[in-house]
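Engineer: Sharing query.txt, compact mmCIF, C-alpha atoms:
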# COMPACT_ATOMS: atom_id res chain seq x y z
CA MET A 1 -12.03 -68.12 -35.94
CA SER A 2 -10.84 -71.67 -36.43
CA ARG A 3 -13.00 -74.41 -35.09
CA ARG A 4 -11.83 -76.75 -32.35
CA SER A 5 -12.15 -80.48 -32.76
CA GLY A 6 -14.16 -81.07 -29.57
CA GLY A 7 -12.38 -82.04 -26.38
CA SER A 8 -12.11 -80.22 -23.11
CA THR A 9 -10.89 -76.79 -24.33
CA PRO A 10 -13.59 -74.09 -24.23
CA ARG A 11 -14.20 -72.05 -27.36
CA ILE A 12 -12.04 -68.95 -27.41
CA SER A 13 -14.01 -66.01 -28.75
CA ASP A 14 -12.60 -63.30 -30.99
CA ASP A 15 -13.36 -60.79 -28.25
CA GLN A 16 -11.17 -62.63 -25.79
CA ILE A 17 -8.30 -62.58 -28.22
CA ILE A 18 -8.85 -58.89 -28.99
CA GLU A 19 -8.84 -58.15 -25.27
CA LEU A 20 -5.60 -60.04 -24.78
CA VAL A 21 -3.96 -58.22 -27.66
CA SER A 22 -4.99 -54.85 -26.27
CA LYS A 23 -3.64 -55.82 -22.84
CA LEU A 24 -0.39 -56.73 -24.53
CA GLN A 25 -0.37 -53.39 -26.30
CA GLN A 26 -0.61 -51.59 -22.95
CA LEU A 27 2.57 -53.27 -21.83
CA LEU A 28 4.67 -52.37 -24.81
CA PRO A 29 6.66 -49.17 -24.44
CA GLU A 30 6.50 -48.44 -28.17
CA LEU A 31 2.76 -48.72 -28.52
CA ARG A 32 1.42 -47.68 -25.14
CA ASN A 33 0.69 -44.06 -26.01
CA ARG A 34 -0.36 -44.59 -29.56
CA ARG A 35 -3.32 -42.70 -30.99
CA PRO A 36 -5.71 -44.20 -32.13
CA ASN A 37 -5.33 -46.60 -29.26
CA LYS A 38 -5.76 -49.75 -31.24
CA ALA A 39 -2.76 -51.02 -33.13
CA SER A 40 -3.09 -53.92 -35.54
CA ALA A 41 -2.55 -57.40 -34.16
CA SER A 42 0.50 -57.99 -36.28
CA LYS A 43 2.06 -54.71 -35.09
CA VAL A 44 1.40 -55.63 -31.47
CA LEU A 45 2.92 -59.07 -32.00
CA GLN A 46 5.93 -57.57 -33.72
CA GLU A 47 6.53 -55.13 -30.90
CA THR A 48 6.02 -57.93 -28.39
CA CYS A 49 8.79 -59.94 -30.02
CA ASN A 50 11.07 -56.91 -30.05
CA TYR A 51 10.31 -56.15 -26.44
CA VAL A 52 10.95 -59.72 -25.28
CA ARG A 53 14.25 -59.70 -27.16
CA SER A 54 15.27 -56.43 -25.55
CA LEU A 55 14.34 -57.73 -22.09
CA HIS A 56 16.41 -60.86 -22.72
CA LYS A 57 19.34 -58.71 -23.72
CA GLU A 58 18.98 -56.59 -20.59
CA VAL A 59 19.08 -59.69 -18.43
CA ASP A 60 22.22 -60.85 -20.22
CA ASP A 61 23.89 -57.45 -19.82
CA LEU A 62 22.97 -57.21 -16.15
CA SER A 63 24.26 -60.73 -15.50
CA ASP A 64 27.52 -59.75 -17.15
CA ARG A 65 27.84 -56.57 -15.11
CA LEU A 66 27.07 -58.37 -11.88
CA SER A 67 29.60 -61.02 -12.72
CA ARG A 68 32.29 -58.42 -13.31
CA LEU A 69 31.40 -56.62 -10.11
CA LEU A 70 31.50 -59.79 -8.07
CA SER A 71 34.83 -60.80 -9.54
CA THR A 72 36.44 -57.61 -8.31
CA ILE A 73 35.25 -58.17 -4.78
CA ASP A 74 37.27 -60.20 -2.37
CA ASP A 75 35.43 -62.65 -0.17
CA ASP A 76 36.43 -60.96 3.02
CA SER A 77 36.34 -57.37 1.86
CA PRO A 78 33.97 -54.80 3.41
CA GLN A 79 32.20 -54.47 0.05
CA ALA A 80 31.35 -58.15 0.07
CA SER A 81 29.81 -57.87 3.50
CA ILE A 82 27.84 -54.83 2.40
CA ILE A 83 26.41 -56.80 -0.50
CA ARG A 84 25.63 -59.67 1.80
CA SER A 85 23.77 -57.45 4.21
CA LEU A 86 21.92 -55.76 1.34
CA ILE A 87 20.87 -59.14 0.13
CA ASN A 88 19.78 -60.28 3.57
CA ASN A 89 17.80 -57.14 4.23
CA ASN A 90 15.72 -57.70 1.10
CA MET B 1 -3.71 -62.53 -11.39
CA HIS B 2 -0.21 -61.14 -11.72
CA ASN B 3 0.92 -59.75 -8.41
CA SER B 4 4.22 -58.16 -9.17
CA SER B 5 5.42 -57.25 -5.69
CA GLN B 6 4.72 -60.77 -4.52
CA LEU B 7 6.60 -62.13 -7.50
CA LYS B 8 9.43 -59.72 -6.81
CA ASN B 9 9.82 -60.93 -3.24
CA GLU B 10 9.68 -64.58 -4.23
CA PHE B 11 12.17 -63.99 -6.99
CA ILE B 12 14.63 -62.14 -4.76
CA LYS B 13 14.43 -64.83 -2.11
CA LYS B 14 15.02 -67.65 -4.54
CA TRP B 15 17.69 -65.88 -6.52
CA ILE B 16 19.70 -65.15 -3.40
CA GLN B 17 19.33 -68.81 -2.45
CA GLY B 18 20.63 -69.80 -5.85
CA LEU B 19 23.56 -67.39 -5.69
CA GLN B 20 24.45 -68.66 -2.22
CA ILE B 21 24.51 -72.21 -3.52
CA TYR B 22 27.01 -71.17 -6.15
CA CYS B 23 29.07 -69.12 -3.75
CA SER B 24 29.29 -71.99 -1.31
CA SER B 25 31.12 -74.10 -3.88
CA LYS B 26 34.65 -72.86 -3.42
CA LYS B 27 35.50 -73.55 -7.07
CA GLN B 28 37.08 -70.65 -8.87
CA MET B 29 35.02 -69.58 -11.85
CA ASN B 30 36.05 -67.53 -14.81
CA LEU B 31 34.01 -64.53 -15.88
CA LEU B 32 31.98 -66.35 -18.49
CA GLU B 33 31.05 -69.20 -16.16
CA ARG B 34 30.06 -66.82 -13.42
CA THR B 35 27.91 -64.78 -15.81
CA LYS B 36 26.17 -67.93 -16.95
CA LYS B 37 25.55 -69.05 -13.39
CA ILE B 38 24.16 -65.69 -12.38
CA LYS B 39 21.80 -65.67 -15.34
CA LEU B 40 20.80 -69.29 -14.84
CA SER B 41 20.04 -68.83 -11.16
CA ALA B 42 18.03 -65.71 -11.99
CA ASP B 43 16.01 -67.54 -14.66
CA ILE B 44 15.33 -70.56 -12.49
CA ALA B 45 14.46 -68.34 -9.53
CA LEU B 46 11.99 -66.40 -11.67
CA ALA B 47 10.44 -69.56 -13.05
CA SER B 48 10.07 -71.24 -9.69
CA ALA B 49 8.65 -68.09 -8.13
CA LYS B 50 5.65 -68.63 -10.40
CA HIS B 51 4.85 -71.92 -8.62
CA SER B 52 3.80 -73.85 -11.73
CA ALA B 53 1.21 -71.25 -12.64
CA THR B 54 2.41 -70.76 -16.18
CA CYS B 55 3.68 -72.81 -19.11
CA TRP B 56 6.75 -70.70 -19.73
CA SER B 57 7.97 -71.11 -16.15
CA LYS B 58 7.58 -74.87 -16.31
CA ALA B 59 9.39 -74.92 -19.63
CA ILE B 60 12.39 -73.07 -18.17
CA ILE B 61 12.67 -75.52 -15.29
CA SER B 62 12.30 -78.64 -17.39
CA GLU B 63 14.88 -77.28 -19.83
CA ALA B 64 17.27 -76.60 -16.97
CA LYS B 65 16.69 -80.07 -15.54
CA LYS B 66 18.19 -81.59 -18.67
CA ASP B 67 21.62 -80.52 -17.47
CA GLU B 68 22.74 -82.59 -14.48
CA ARG B 69 24.86 -79.78 -13.14
CA ASN B 70 21.71 -77.84 -12.35
CA THR B 71 20.16 -80.53 -10.16
CA ILE B 72 21.19 -79.08 -6.80
CA LEU B 73 19.99 -75.63 -7.76
CA ILE B 74 16.65 -76.86 -9.03
CA ASN B 75 16.02 -79.16 -6.08
CA ASN B 76 16.58 -76.31 -3.70
CA LEU B 77 14.51 -73.76 -5.55
CA SER B 78 11.57 -75.55 -7.04
CA ASP B 79 8.76 -77.97 -6.48
CA PRO B 80 9.74 -81.48 -7.66
CA LYS B 81 6.19 -82.19 -8.88
CA MET B 82 6.54 -79.59 -11.62
CA ASN B 83 8.23 -81.75 -14.21
CA PHE B 84 5.40 -84.17 -14.69
CA LYS B 85 2.80 -81.48 -15.27
CA CYS B 86 4.87 -79.73 -17.91
CA ALA B 87 5.48 -82.81 -20.06
CA HIS B 88 1.87 -83.88 -19.78
CA GLN B 89 0.53 -80.49 -20.67
CA ASN B 90 2.83 -80.16 -23.66
CA LEU B 91 1.71 -83.48 -25.06
CA ALA B 92 -1.95 -82.51 -24.79
CA CYS B 93 -1.16 -79.15 -26.40
CA LEU B 94 0.70 -80.80 -29.27
CA LYS B 95 -2.19 -83.16 -29.92
CA ARG B 96 -4.62 -80.24 -29.89
CA ILE B 97 -2.48 -78.27 -32.29
CA ARG B 98 -1.99 -81.20 -34.65
CA SER B 99 -5.72 -81.89 -34.85
CA ARG B 100 -6.43 -78.21 -35.36
CA LYS B 101 -3.90 -78.05 -38.18
CA ILE B 102 -5.45 -81.01 -39.94
CA LEU B 103 -8.91 -79.52 -39.53
CA LYS B 104 -7.72 -76.14 -40.74
CA LYS B 105 -6.11 -77.63 -43.83
CA SER B 106 -9.29 -79.40 -44.79
CA CYS B 107 -11.28 -76.19 -44.21
CA ASP B 108 -8.87 -74.10 -46.26
CA VAL B 109 -9.26 -76.42 -49.22
CA GLY B 110 -13.03 -75.97 -48.98
CA ILE B 111 -12.74 -72.20 -48.72
CA LYS B 112 -10.45 -71.93 -51.76
CA MET B 113 -13.00 -73.71 -53.88
CA LYS B 114 -15.70 -71.28 -52.78
CA LYS B 115 -13.72 -68.09 -53.46
CA MET B 116 -15.33 -67.18 -56.74
CA LYS B 117 -17.20 -63.87 -56.22
CA PRO B 118 -15.06 -60.89 -57.36
CA ARG B 119 -16.65 -58.46 -54.90
CA ARG B 120 -15.32 -60.39 -51.96
CA GLN B 121 -11.88 -60.93 -53.38
CA VAL B 122 -10.34 -57.64 -52.22
CA SER B 123 -11.36 -57.98 -48.61
CA ASN B 124 -10.30 -61.60 -48.68
CA LEU B 125 -6.86 -60.60 -49.90
CA ALA B 126 -6.40 -58.02 -47.14
CA THR B 127 -7.59 -60.48 -44.53
CA CYS B 128 -5.32 -63.10 -46.03
CA ILE B 129 -2.26 -60.88 -45.78
CA ALA B 130 -3.20 -59.79 -42.26
CA LYS B 131 -3.62 -63.39 -41.19
CA ARG B 132 -0.29 -64.36 -42.72
CA LEU B 133 1.50 -61.55 -40.92
CA VAL B 134 -0.10 -62.46 -37.64
CA LYS B 135 0.85 -66.08 -38.18
CA LYS B 136 4.43 -65.15 -39.00
CA ARG B 137 4.78 -62.96 -35.93
CA THR B 138 3.17 -65.61 -33.77
CA GLN B 139 5.76 -68.11 -34.93
CA VAL B 140 8.56 -65.75 -33.94
CA LEU B 141 6.96 -65.14 -30.57
CA LYS B 142 6.67 -68.86 -30.01
CA ARG B 143 10.41 -69.18 -30.31
CA LEU B 144 11.03 -66.34 -27.88
CA VAL B 145 8.76 -67.45 -25.07
CA PRO B 146 10.04 -70.59 -23.29
CA GLY B 147 7.89 -73.59 -24.11
CA GLY B 148 6.12 -71.59 -26.79
CA GLU B 149 6.42 -74.12 -29.61
CA SER B 150 3.72 -76.32 -28.21
CA MET B 151 1.18 -73.57 -27.64
CA ASP B 152 -1.81 -72.48 -29.64
CA GLU B 153 -2.36 -68.84 -30.59
CA TYR B 154 -4.47 -67.89 -27.63
CA SER B 155 -2.09 -69.44 -25.11
CA ILE B 156 1.00 -67.90 -26.60
CA ILE B 157 -0.44 -64.40 -26.26
CA LYS B 158 -1.54 -65.10 -22.71
CA GLU B 159 1.85 -66.58 -21.81
CA ALA B 160 3.68 -63.71 -23.49
CA LEU B 161 1.74 -61.21 -21.35
CA ASP B 162 2.75 -62.95 -18.17
CA TYR B 163 6.28 -63.60 -19.37
CA ILE B 164 6.85 -59.92 -20.13
CA LEU B 165 5.57 -58.85 -16.72
CA SER B 166 7.83 -61.40 -15.03
CA LEU B 167 10.87 -60.49 -17.11
CA ARG B 168 10.38 -56.88 -16.06
CA VAL B 169 10.46 -57.92 -12.41
CA GLN B 170 13.66 -59.84 -13.07
CA VAL B 171 15.28 -56.89 -14.81
CA ASP B 172 14.20 -54.49 -12.04
CA VAL B 173 15.69 -56.60 -9.28
CA MET B 174 18.93 -57.24 -11.14
CA LYS B 175 19.26 -53.56 -12.01
CA ASN B 176 18.75 -52.56 -8.38
CA LEU B 177 21.41 -54.96 -7.23
CA VAL B 178 23.88 -53.77 -9.84
CA ASN B 179 23.23 -50.11 -9.02
CA ALA B 180 23.49 -50.70 -5.29
CA THR B 181 26.78 -52.53 -5.72
CA THR B 182 28.21 -50.00 -8.14
CA ASN B 183 27.46 -47.03 -5.92
CA PHE B 184 29.67 -48.37 -3.21
CA GLU B 185 32.80 -48.20 -5.36
Could you quickly redo this structure as structure tokens?

Structural biologist:
Amino acid sequence: MSRRSGGSTPRISDDQIIELVSKLQQLLPELRNRRPNKASASKVLQETCNYVRSLHKEVDDLSDRLSRLLSTIDDDSPQASIIRSLINNN
Amino acid sequence: MHNSSQLKNEFIKKWIQGLQIYCSSKKQMNLLERTKKIKLSADIALASAKHSATCWSKAIISEAKKDERNTILINNLSDPKMNFKCAHQNLACLKRIRSRKILKKSCDVGIKMKKMKPRRQVSNLATCIAKRLVKKRTQVLKRLVPGGESMDEYSIIKEALDYILSLRVQVDVMKNLVNATTNFE
């Protein structure tokens, strides 16, 4: 574990990092049900990067779909008012 | 610490606000512009729903602030005090990282000189490779998480955890809206 050059940051223990990595592993769809339950740190980090990328892509796709849907809806159409009421009810 | 239904509600509220701001401007937008606006308002809504609790959320907002066109959106959705904290925190982080790097380099030189015993060499090699891989992956992760470049290893993992949970909330809400709208056609 690398040493810290003084200052206000508390020392982070190896255990804390291990705990974080295992929490991360629980989130990842690829590694969640893995046996044995501990994947290597580099594997967890790799899957984390992949997962974040896929989530980013989903957001982009959904934004695109929403944009297309909204463009086909007229301002005064019944569908527009349905969306508006859906939104307001949330 | 991460309350996802609370985040969901905050996000929905702010995102709708953001979308309304865009809808109220009668300007006609082409598909690409509208897509960008939808995504931007979703990202800013998600970030401001965190109420300055995380680095990544502050990074998204300060990045968005750089573009003047986003001013109205940001002023309506987020806390104006946020900007100062983000810049200040990043500077402290950078200083910490720089001093750690210098320290590490001087330690590594010392360690290399000590690596003489053959018995230890194998385990050192494996550890070395493992450490390199972890470092490589951490670098990639730093680029993916907003504001990640100025974080140390512990923080980036912590931020990534929260970021993933929040992204999921964002995807859930957007998916629900798309499905609800599609089913009416």

Engineer: Rounded to one decimal, what separation in Å do you get between CA of Glu19 (chain A) and CA of Lys101 (chain B)?

Structural biologist: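 According to the coordinates, CA of Glu19 (chain A) and CA of Lys101 (chain B) are separated by 24.2 Å.
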
Engineer: Using all atoms listed in the file, determine which residues lie at most 12 Å from Val171 (chain B), disregarding the query and same-chain residues fewer than 6 positions distant; provide the list as a PyMOL selection string.

Structural biologist: (chain A and resi 52+54-63) or (chain B and resi 8+11-12+39+42-43+46+164-165+177-179)

Engineer: Using only C-alpha atoms, which chain A residues lie at most 6 Å away from chain B, written as a PyMOL selection string?

Structural biologist: chain A and resi 24+42+45-46+49+59+63-64+66-67

Engineer: Would you save the residues from that selection as a short mmCIF file (atom, residue, chain, number, x, y, z; two decimals), in the coordinates of the input, using C-alpha atoms?

Structural biologist:
data_model
loop_
_atom_site.label_atom_id
_atom_site.label_comp_id
_atom_site.auth_asym_id
_atom_site.auth_seq_id
_atom_site.Cartn_x
_atom_site.Cartn_y
_atom_site.Cartn_z
CA LEU A 24 -0.39 -56.73 -24.53
CA SER A 42 0.50 -57.99 -36.28
CA LEU A 45 2.92 -59.07 -32.00
CA GLN A 46 5.93 -57.57 -33.72
CA CYS A 49 8.79 -59.94 -30.02
CA VAL A 59 19.08 -59.69 -18.43
CA SER A 63 24.26 -60.73 -15.50
CA ASP A 64 27.52 -59.75 -17.15
CA LEU A 66 27.07 -58.37 -11.88
CA SER A 67 29.60 -61.02 -12.72
#

Engineer: Can you work out the spacing between CA of Ser62 (chain B) and CA of Asn50 (chain A) in Å, to one decimal?

Structural biologist: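 Taking CA of Ser62 (chain B) and CA of Asn50 (chain A), their separation equals 25.2 Å.
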
Engineer: Counting only C-alpha atoms, which of A:Thr48, A:Lys38, A:Ser13, A:Arg32 gets nearest to Glu159 (chain B)?

Structural biologist: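 Nearest to Glu159 (chain B): A:Thr48.
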
Engineer: In Å, how far is it from CA of Ile17 (chain A) to CA of Ile156 (chain B)?

Structural biologist: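 CA of Ile156 (chain B) lies 10.8 Å from CA of Ile17 (chain A).
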